[in-house]
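The block underneath contains the structure these notes are about, expressed in structure tokens.
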Amino acid sequence: MIESEAKAWLTDVWGVSRETFEKLDAFVAMVIIEAGKQNLISDSSIPLIWTRHIVDSAQLLIHATPPGVDDDQSRNWLDLGTGAGFPGLVIAIMRNAPITLVESRRKRIDFLVETMEALDLPHVSLFGGRLELLEQEFFSVISARAFAALPKIFHVAHRFSTAETRWVLPKGLKAREEVEAAELNWAGVFHVEQSLTDPDSAIIVARKVKQKGNA
């Protein structure tokens, strides 16, 4: 997928409005500027930012809602290790529903706060600290990009999930190996979906996740 195809995908699949495109454009500009000040994204990915970061994040929406069910805008979302805003802020721009971002690095927190204010995203909340310190709340969707291996994600974030929670987790070449490692201690329904943006990437989709040995 090239940049023009990435933007066309947003229009063709999601019918992205002009206002939403303007916010995505503004977000892209802010990320590129900030990348010159701190290591938000790799320099090599900047010319492909719409493919590598925007669509790569937006495609998670395909897997966040059960097949055949319209997205209920009251369904809340938790994004772990949001970093530069991927996928959390992209999801927030495209979906006017509650989302909580978790980020522990000070400079990234500052960038996220400034960006949220500039883009006027009142439905977004940011927890600036370690996930272990976040007060328990149950979420309909949990995402994490480059946060941790699957077994660790389940270990630290399972307390925010229910049997109905959908986990949508972008991964690389070892996605299936991560599922196999997680299945040693975790039960659930797991699928590995091909990424639309990178033939070497995948998305782990999970639900009904529970620790083995627990009722």
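Going through the structure tokens in order, the chains are called A, B, and so on, while each chain numbers its residues from 1 and the ligands are numbered from 1 in the order shown.
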
Give me, as CSV, the closest atom pair and its distance (Å, one decimal) for every residue of range 25-64 of chain A within a cut-off of 9 Å of range 113-118 of chain A, counting only C-alpha atoms, rows sorted by chain and rising number.
residue,atom,partner,partner_atom,distance
A:Ala26,CA,A:Ala118,CA,8.9
A:Phe27,CA,A:Thr115,CA,7.3
A:Met30,CA,A:Thr115,CA,7.4
A:Val31,CA,A:Thr115,CA,8.9

Taking the DSSP secondary structure from the backbone, can you list the residues of range 14-202 of chain A that are alpha helix (DSSP H), as a CSV table (one decimal) with C-alpha atoms, in the first residue's frame?
chain,number,residue,atom,x,y,z
A,14,TRP,CA,-14.8,4.4,6.2
A,18,ARG,CA,-13.5,16.4,5.3
A,19,GLU,CA,-13.3,17.4,9.0
A,20,THR,CA,-11.8,14.1,10.0
A,21,PHE,CA,-9.3,14.3,7.2
A,22,GLU,CA,-8.3,17.7,8.4
A,23,LYS,CA,-7.7,16.4,11.9
A,24,LEU,CA,-5.7,13.5,10.6
A,25,ASP,CA,-3.7,15.9,8.5
A,26,ALA,CA,-3.1,18.1,11.5
A,27,PHE,CA,-2.1,15.1,13.6
A,28,VAL,CA,0.4,13.9,10.9
A,29,ALA,CA,2.0,17.4,10.8
A,30,MET,CA,2.3,17.5,14.6
A,31,VAL,CA,3.9,14.0,14.7
A,32,ILE,CA,6.4,14.9,12.0
A,33,ILE,CA,7.4,18.2,13.8
A,34,GLU,CA,7.7,16.4,17.2
A,35,ALA,CA,9.7,13.6,15.6
A,49,ILE,CA,3.3,7.9,7.6
A,56,ASP,CA,-2.0,0.7,10.2
A,57,SER,CA,-3.9,2.1,13.2
A,58,ALA,CA,-7.2,2.6,11.6
A,60,LEU,CA,-7.9,-2.1,13.9
A,61,LEU,CA,-11.4,-0.7,13.7
A,62,ILE,CA,-12.3,-3.6,11.4
A,63,HIS,CA,-11.6,-6.1,14.1
A,64,ALA,CA,-12.8,-4.1,17.2
A,88,GLY,CA,-5.0,5.5,20.1
A,89,LEU,CA,-5.2,9.0,18.7
A,90,VAL,CA,-6.0,7.8,15.2
A,91,ILE,CA,-8.9,5.7,16.7
A,92,ALA,CA,-10.0,8.8,18.7
A,93,ILE,CA,-10.1,11.0,15.6
A,94,MET,CA,-12.1,8.4,13.6
A,106,ARG,CA,7.1,12.0,30.2
A,107,LYS,CA,8.0,13.6,26.8
A,108,ARG,CA,5.4,11.5,25.1
A,109,ILE,CA,2.8,12.4,27.7
A,110,ASP,CA,3.5,16.1,27.1
A,111,PHE,CA,3.1,15.6,23.3
A,112,LEU,CA,-0.1,13.7,23.7
A,113,VAL,CA,-1.6,16.3,26.0
A,114,GLU,CA,-0.7,19.1,23.5
A,115,THR,CA,-2.1,17.1,20.6
A,116,MET,CA,-5.3,16.2,22.3
A,117,GLU,CA,-5.9,19.9,23.1
A,118,ALA,CA,-5.0,21.1,19.6
A,119,LEU,CA,-7.3,18.5,17.9
A,150,LEU,CA,1.2,-11.2,24.2
A,151,PRO,CA,1.6,-13.2,27.4
A,152,LYS,CA,2.7,-10.0,29.2
A,153,ILE,CA,-0.1,-8.0,27.7
A,154,PHE,CA,-2.6,-10.4,29.1
A,155,HIS,CA,-0.8,-10.5,32.5
A,156,VAL,CA,-0.8,-6.7,33.0
A,157,ALA,CA,-4.1,-5.8,31.3
A,175,ALA,CA,2.4,-13.2,15.9
A,176,ARG,CA,1.5,-16.9,15.8
A,177,GLU,CA,4.4,-17.8,18.1
A,178,GLU,CA,3.1,-15.2,20.6
A,179,VAL,CA,-0.3,-16.8,20.5
A,180,GLU,CA,1.2,-20.2,21.2
A,181,ALA,CA,3.2,-18.8,24.1
A,182,ALA,CA,0.1,-17.2,25.5

Range 193-196 of chain A environment, 9 Å, only C-alpha atoms, sequence neighbours closer than 3 positions dropped, as an mmCIF file with N, CA and C atoms, in the first residue's frame:
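What landed in result_39.cif:
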data_model
loop_
_atom_site.group_PDB
_atom_site.id
_atom_site.type_symbol
_atom_site.label_atom_id
_atom_site.label_comp_id
_atom_site.auth_asym_id
_atom_site.auth_seq_id
_atom_site.Cartn_x
_atom_site.Cartn_y
_atom_site.Cartn_z
ATOM 1 N N MET A 1 0.843 -1.204 0.000
ATOM 2 C CA MET A 1 0.000 0.000 0.000
ATOM 3 C C MET A 1 0.876 1.250 0.000
ATOM 4 N N VAL A 55 -3.155 4.376 8.551
ATOM 5 C CA VAL A 55 -3.985 3.224 8.164
ATOM 6 C C VAL A 55 -3.639 2.002 9.013
ATOM 7 N N ASP A 56 -2.379 1.841 9.357
ATOM 8 C CA ASP A 56 -1.981 0.718 10.206
ATOM 9 C C ASP A 56 -2.739 0.742 11.534
ATOM 10 N N GLN A 59 -6.954 0.384 10.697
ATOM 11 C CA GLN A 59 -7.442 -0.946 10.327
ATOM 12 C C GLN A 59 -7.896 -1.762 11.546
ATOM 13 N N HIS A 63 -11.549 -4.954 13.253
ATOM 14 C CA HIS A 63 -11.557 -6.110 14.143
ATOM 15 C C HIS A 63 -12.092 -5.798 15.545
ATOM 16 N N PRO A 170 -1.695 -5.283 17.123
ATOM 17 C CA PRO A 170 -0.779 -5.373 15.977
ATOM 18 C C PRO A 170 0.532 -6.044 16.368
ATOM 19 N N LYS A 171 0.978 -6.963 15.510
ATOM 20 C CA LYS A 171 2.199 -7.708 15.784
ATOM 21 C C LYS A 171 3.008 -7.883 14.506
ATOM 22 N N PRO A 199 2.999 -6.928 4.555
ATOM 23 C CA PRO A 199 2.871 -8.385 4.430
ATOM 24 C C PRO A 199 3.574 -9.148 5.549
ATOM 25 N N ASP A 200 4.486 -8.475 6.254
ATOM 26 C CA ASP A 200 5.202 -9.127 7.350
ATOM 27 C C ASP A 200 4.584 -8.845 8.718
ATOM 28 N N SER A 201 3.421 -8.214 8.716
ATOM 29 C CA SER A 201 2.762 -7.877 9.983
ATOM 30 C C SER A 201 1.403 -8.540 10.077
ATOM 31 N N ALA A 202 0.912 -8.642 11.304
ATOM 32 C CA ALA A 202 -0.373 -9.292 11.546
ATOM 33 C C ALA A 202 -1.071 -8.597 12.703
ATOM 34 N N ILE A 203 -2.321 -8.972 12.914
ATOM 35 C CA ILE A 203 -3.090 -8.446 14.039
ATOM 36 C C ILE A 203 -3.654 -9.639 14.805
ATOM 37 N N ILE A 204 -3.323 -9.730 16.077
ATOM 38 C CA ILE A 204 -3.913 -10.755 16.927
ATOM 39 C C ILE A 204 -5.245 -10.227 17.442
ATOM 40 N N VAL A 205 -6.301 -10.980 17.190
ATOM 41 C CA VAL A 205 -7.635 -10.628 17.686
ATOM 42 C C VAL A 205 -8.045 -11.707 18.681
#

(request) Name the closest residue to Leu134 in chain A among the candidates A:Thr162, A:Thr65, A:Ser104, A:Ser4; distances are taken between atoms, counting only C-alpha atoms. (result)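 Of all the options, A:Ser104 lies closest to Leu134 in chain A.
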
(request) Taking the chain letters and numbering used in this document, name the residues of range 22-163 of chain A that DSSP puts in strand (DSSP E or B), as an NGL selection string. (result) :A and (77-80 or 99-103 or 124-128 or 141-144)

(request) Rounded to one decimal place, report the CA of Gly172 in chain A-CA of Asp79 in chain A distance in Å. (result) 18.1 Å
